[in-house]
Every structure is written in structure tokens, then in C-alpha cells.
Amino acid sequence: MNVKLITPATLYPIDLASLKLHLRLDSGSFSGNIDETISIAPGSHAIANNYTTHKGAGVSVLGYNAVVAAHFGVLTVGGVVDIKIQESDTDVDANYTDWATGAFTQVTISASSSTQEKEYTGTKAYIRTVAKVITQAGEFSTTVIRLASQAAEDDLLTELIETATNDVENDSRRQIINAVWEYYLQEWPDTDRIKIPFGNLQTTDLSVKWKDTDGTETTLTLTTDYLIETNGDQCGFIVLPYGGSWPSGTLYPSNPITIKFTCGYGATASSVPSMIKSAIKLKCTKYYEHRGDNPDYEESAYQSLVNKIPRLYDEF
């Protein structure tokens with residue numbers, strides 16, 4: 001099967017926090033279980049009736065439970081401060097968007113300092129805070145507090161999640177979290193349908209293209225040239241409409257037919273069946289509990305992994 005991963009999944013079916021909970025990992029102290037990162041630095045912030053002037057630093061929250069704290073000082077009469085949480089898959093300014101439930105309660109003149117807290121329950125990898133100051137300058141700051149037990153092992157656990165996810169995908173021959181693939185065919189089938197691998201075929205952004213002997217590429221038209229049969233969590237098909245036929249032109253000699261498709265249970269971990277998540281956690285548990293203390297197990301685990309890597313026999 002000639003396939004190529006074009007856009008990999010942006011997250012895994014389980015996160016670091018849920019794996020730590022499953023493994024019952026804890027640093028043994030409250031201070032060791034949390035860390036704090038300032039998003040908007042404390043101080044008096046000038047009037048700015050927008051959310052672009054006072055932008056806090058982005059903080060990675062992937063795999064963590066996170067709480068955002070907003071600290072307010074005494075405001076001048078007439079002063080108003082609005083703070084909200086933004087989220088993004090990458091820590092790039094242009095990619096941040098407002099988290100739907102991330103607005104703090106508006107603060108006006110107050111006789112004493114106050115603090116508000118809001119737990120982040122979104123699914124993005126990064127969050128930050130932005131603020132708007134109206135009428136008078138205001139004293140405030142924001143902090144992102146993460147539950148970060150056993151931080152020294154985070155890299156190891158993240159690698160185990162990736163490895164275990166790949167194991168389950170290889171063993172089940174499924175794509176779990178949505179990803180974009182290209183499937184290459186050398187000729188049109190003799191039947192009226194083409195089976196698409198990995199299950200859970202999505203209709204979004206699917207395309208079928210072919211190249212003639214000159215390398216000229218033609219894109220087929222959905223409903224006119226082909227139909228999409230998704231078939232739930234089974235393999236989907238590209239199907240000819242009634243009375244239709246595949247293109248009759250002579251094909252290009254190398255990968256002439258390209259089917260680009262998205263497949264997976266969904267774009268978020270919440271869309272993945274619990275049975276699959278449990279399988280990944282169990283695989284992670286095996287790798288974690290037997291690291292370093294059982295050479296025979298480690299060797300067999302290594303062989304299990306390496307045997308799934310496609311071996312190249314070509315000579316260069």
C-alpha cells in the first residue's frame with residue numbers, strides 16, 4: 001500500500017495528566033506538584049481600549065491541568081479592566097483565538113485587592129491572557145498555574161504516549177486522531193469502487209486527482225465523477241456514480257492517481273472511544289513499569305516496535 005502522511009494529528013488520544021493519573025505518579029509534595037508562569041506581568045497598565053496592547057506570554061498546557069489567576073490591585077475611580085483567556089495549537093501570536101468560556105468578571109473601582117481564578121478546560125496546547133483597560137490605568141497581573149507532578153519524567157511519559165499510540169494504530173490498522181493522508185494508485189480499479197485505508201473516512205477536503213502521460217493533472221468532481229461512502233468506523237470507499245466510469249486517458253508512469261483524504265475518530269481526544277484510550281494506557285503502563293529492570297522484556301518490546309518499521313531493501 002503506497003500511502004504518505006501529509007498532516008499528522010496535532011494531539012494524542014490521552015494526555016500527560018491522564019496518564020499520570022493512571023500511573024498514580026506524584027512528586028510527594030504540594031510545591032513539587034505545581035509550577036507558575038506569569039502571563040501578564042504585575043504593574044500599572046496604561047489605558048488601552050483593545051485586547052492587542054496588553055498581551056500576556058503564551059504558556060504550554062498540553063498534558064497539564066491548568067488554572068489561570070488574575071490579580072487586581074486598587075483601581076482609580078472610573079477604571080475598568082477586562083481580562084480573557086486565549087488559546088492556540090502553536091505559540092504564534094496570529095494563531096491565538098478567544099477561548100469560548102475564558103472571560104473573567106469585569107473589574108471596576110475596588111477598595112481592596114482581589115483575585116479571580118478560572119480553570120482551563122479547553123484542548124489547545126497553549127494559552128495566554130489579554131487585557132483591555134478603559135478610562136484609567138489599572139494595576140493587575142495574570143499567572144498560569146499548572147499541575148506538574150513528576151515533571152522530570154514528562155519527556156519520558158510523552159514519548160511513551162506517542163509510542164503506545166503508534167502501537168495501537170499499527171495493531172488495529174486505524175488512524176485514531178484525525179490526520180491527512182495521500183493514497184497513491186498505479187491504475188484505476190476494474191470495479192466501481194476504491195477502498196480507502198485506516199477507517200473513519202471523513203468527507204472534509206477529500207480529493208481525487210490523476211495525471212496523464214504528459215504529467216497534466218486533472219481533479220475529479222465530487223457527485224459528478226465520484227461519490228464518497230464513509231461507512232462509519234469501517235473503511236470508506238470512493239464510488240462511481242450510476243452509469244459513471246473512471247477516466248480513460250493513459251496514465252503517468254509514476255503514482256498517477258492521488259487520493260487525498262482525512263480519517264480518524266475526530267480532531268479531539270474526546271471523540272476517541274474509551275476502549276482505545278484504555279489500550280494506550282495499558283501499553284504505556286507496560287513500557288513504564290518494565291523500563292530498565294527487565295532486559296528480556298525490553299528486548300522483546302524493542303523487537304515488537306522495530307518489526308513494525310517498514311524495512312528498506314533497496315541499494316543506493
# chains A, B, ... in the order shown; residues from 1 in each chain; ligands from 1
>>> residues_around(residues="Lys118 in chain A", least_positions_apart="5", cutoff="10 Å", atoms="only C-alpha atoms", output="list in words")
Ala66, Val67, Val68, Ala69, Ala70, Lys84, Ile85, Thr101, Gly102, Ala103, Phe104 and Val144 of chain A
>>> residues_around(residues="range 86-95 of chain A", least_positions_apart="4", cutoff="9 Å", atoms="only C-alpha atoms", output="JSON, numbers by chain")
{"A": [10, 57, 58, 59, 60, 99, 100, 102, 122, 123, 124, 125, 126, 127, 128, 129, 130]}
>>> write_last_selection(atoms="C-alpha atoms", output="mmCIF file, in the first residue's frame")
data_model
loop_
_atom_site.group_PDB
_atom_site.id
_atom_site.type_symbol
_atom_site.label_atom_id
_atom_site.label_comp_id
_atom_site.auth_asym_id
_atom_site.auth_seq_id
_atom_site.Cartn_x
_atom_site.Cartn_y
_atom_site.Cartn_z
ATOM 1 C CA THR A 10 -1.904 17.566 16.439
ATOM 2 C CA ALA A 57 3.076 35.457 27.271
ATOM 3 C CA GLY A 58 1.878 32.097 25.979
ATOM 4 C CA VAL A 59 2.171 29.090 28.294
ATOM 5 C CA SER A 60 2.243 25.412 27.247
ATOM 6 C CA TRP A 99 -11.416 30.582 24.461
ATOM 7 C CA ALA A 100 -15.227 30.442 24.493
ATOM 8 C CA GLY A 102 -12.388 32.329 29.121
ATOM 9 C CA GLY A 122 -10.016 23.543 26.574
ATOM 10 C CA THR A 123 -7.990 21.280 24.286
ATOM 11 C CA LYS A 124 -5.317 23.559 22.819
ATOM 12 C CA ALA A 125 -1.584 23.309 23.505
ATOM 13 C CA TYR A 126 -1.035 26.944 24.558
ATOM 14 C CA ILE A 127 -2.972 29.610 26.429
ATOM 15 C CA ARG A 128 -2.350 33.255 27.263
ATOM 16 C CA THR A 129 -4.248 36.187 28.733
ATOM 17 C CA VAL A 130 -5.081 39.514 27.127
#
>>> closest_residue(among="A:Met1, A:Leu240, A:Leu206, A:Leu227", to="Tyr184 in chain A", atoms="only C-alpha atoms")
A:Met1
>>> closest_residue(among="A:Thr143, A:Ala137, A:Phe72, A:Gly78", to="Thr115 in chain A", atoms="only C-alpha atoms")
A:Phe72
>>> select_by_dssp(residues="range 53-198 of chain A", states="alpha helix (DSSP H)", output="ChimeraX atom specification")
/A:154-172
>>> write_last_selection(atoms="N, CA and C atoms", output="short mmCIF file (atom, residue, chain, number, x, y, z; two decimals), in the first residue's frame")
data_model
loop_
_atom_site.label_atom_id
_atom_site.label_comp_id
_atom_site.auth_asym_id
_atom_site.auth_seq_id
_atom_site.Cartn_x
_atom_site.Cartn_y
_atom_site.Cartn_z
N ASP A 154 8.33 13.94 32.48
CA ASP A 154 7.34 14.33 31.47
C ASP A 154 7.77 13.94 30.07
N ASP A 155 9.05 14.15 29.75
CA ASP A 155 9.52 13.81 28.40
C ASP A 155 9.40 12.32 28.15
N LEU A 156 9.77 11.51 29.15
CA LEU A 156 9.65 10.06 29.01
C LEU A 156 8.20 9.65 28.80
N LEU A 157 7.30 10.19 29.64
CA LEU A 157 5.89 9.81 29.54
C LEU A 157 5.29 10.24 28.21
N THR A 158 5.69 11.42 27.73
CA THR A 158 5.21 11.89 26.43
C THR A 158 5.66 10.95 25.31
N GLU A 159 6.91 10.49 25.40
CA GLU A 159 7.40 9.53 24.41
C GLU A 159 6.63 8.21 24.48
N LEU A 160 6.30 7.78 25.70
CA LEU A 160 5.53 6.54 25.86
C LEU A 160 4.15 6.67 25.25
N ILE A 161 3.52 7.83 25.43
CA ILE A 161 2.20 8.06 24.83
C ILE A 161 2.29 7.96 23.31
N GLU A 162 3.31 8.60 22.75
CA GLU A 162 3.49 8.55 21.29
C GLU A 162 3.72 7.12 20.82
N THR A 163 4.61 6.41 21.52
CA THR A 163 4.93 5.03 21.12
C THR A 163 3.71 4.13 21.25
N ALA A 164 3.00 4.23 22.37
CA ALA A 164 1.83 3.38 22.59
C ALA A 164 0.73 3.69 21.58
N THR A 165 0.55 4.96 21.26
CA THR A 165 -0.45 5.34 20.24
C THR A 165 -0.10 4.72 18.90
N ASN A 166 1.19 4.79 18.52
CA ASN A 166 1.61 4.18 17.26
C ASN A 166 1.40 2.68 17.28
N ASP A 167 1.66 2.05 18.43
CA ASP A 167 1.44 0.60 18.56
C ASP A 167 -0.02 0.26 18.29
N VAL A 168 -0.92 0.97 18.95
CA VAL A 168 -2.34 0.67 18.80
C VAL A 168 -2.80 0.95 17.37
N GLU A 169 -2.30 2.02 16.77
CA GLU A 169 -2.66 2.31 15.39
C GLU A 169 -2.15 1.22 14.44
N ASN A 170 -0.90 0.77 14.68
CA ASN A 170 -0.35 -0.27 13.82
C ASN A 170 -1.10 -1.59 14.00
N ASP A 171 -1.40 -1.93 15.25
CA ASP A 171 -2.06 -3.20 15.52
C ASP A 171 -3.50 -3.22 15.01
N SER A 172 -4.16 -2.09 15.09
CA SER A 172 -5.56 -2.02 14.64
C SER A 172 -5.68 -1.55 13.20
#
>>> select_by_dssp(residues="range 221-287 of chain A", states="strand (DSSP E)", output="PyMOL selection string")
chain A and resi 227-229+237-239+257-263
>>> closest_atom_pairs(of="range 160-210 of chain A", to="range 228-232 of chain A", cutoff="7 Å", atoms="only C-alpha atoms", output="CSV")
residue,atom,partner,partner_atom,distance
A:Asn200,CA,A:Gly232,CA,5.7
A:Leu201,CA,A:Thr230,CA,5.2
A:Gln202,CA,A:Thr230,CA,6.7
>>> write_last_selection(atoms="C-alpha atoms", output="PDB file, in the first residue's frame")
ATOM      1  CA  ASN A 200     -13.329   6.531   9.818  1.00  0.00           C
ATOM      2  CA  LEU A 201     -13.138   8.274   6.458  1.00  0.00           C
ATOM      3  CA  GLN A 202     -14.116  11.949   6.635  1.00  0.00           C
TER       4      GLN A 202
END
>>> closest_residue(among="A:Cys284, A:Cys235, A:Pro241, A:Ile257", to="Lys211 in chain A", atoms="only C-alpha atoms")
A:Ile257
>>> closest_residue(among="A:Ile134, A:Val61, A:Ile276, A:Ala179", to="Thr121 in chain A", atoms="only C-alpha atoms")
A:Val61
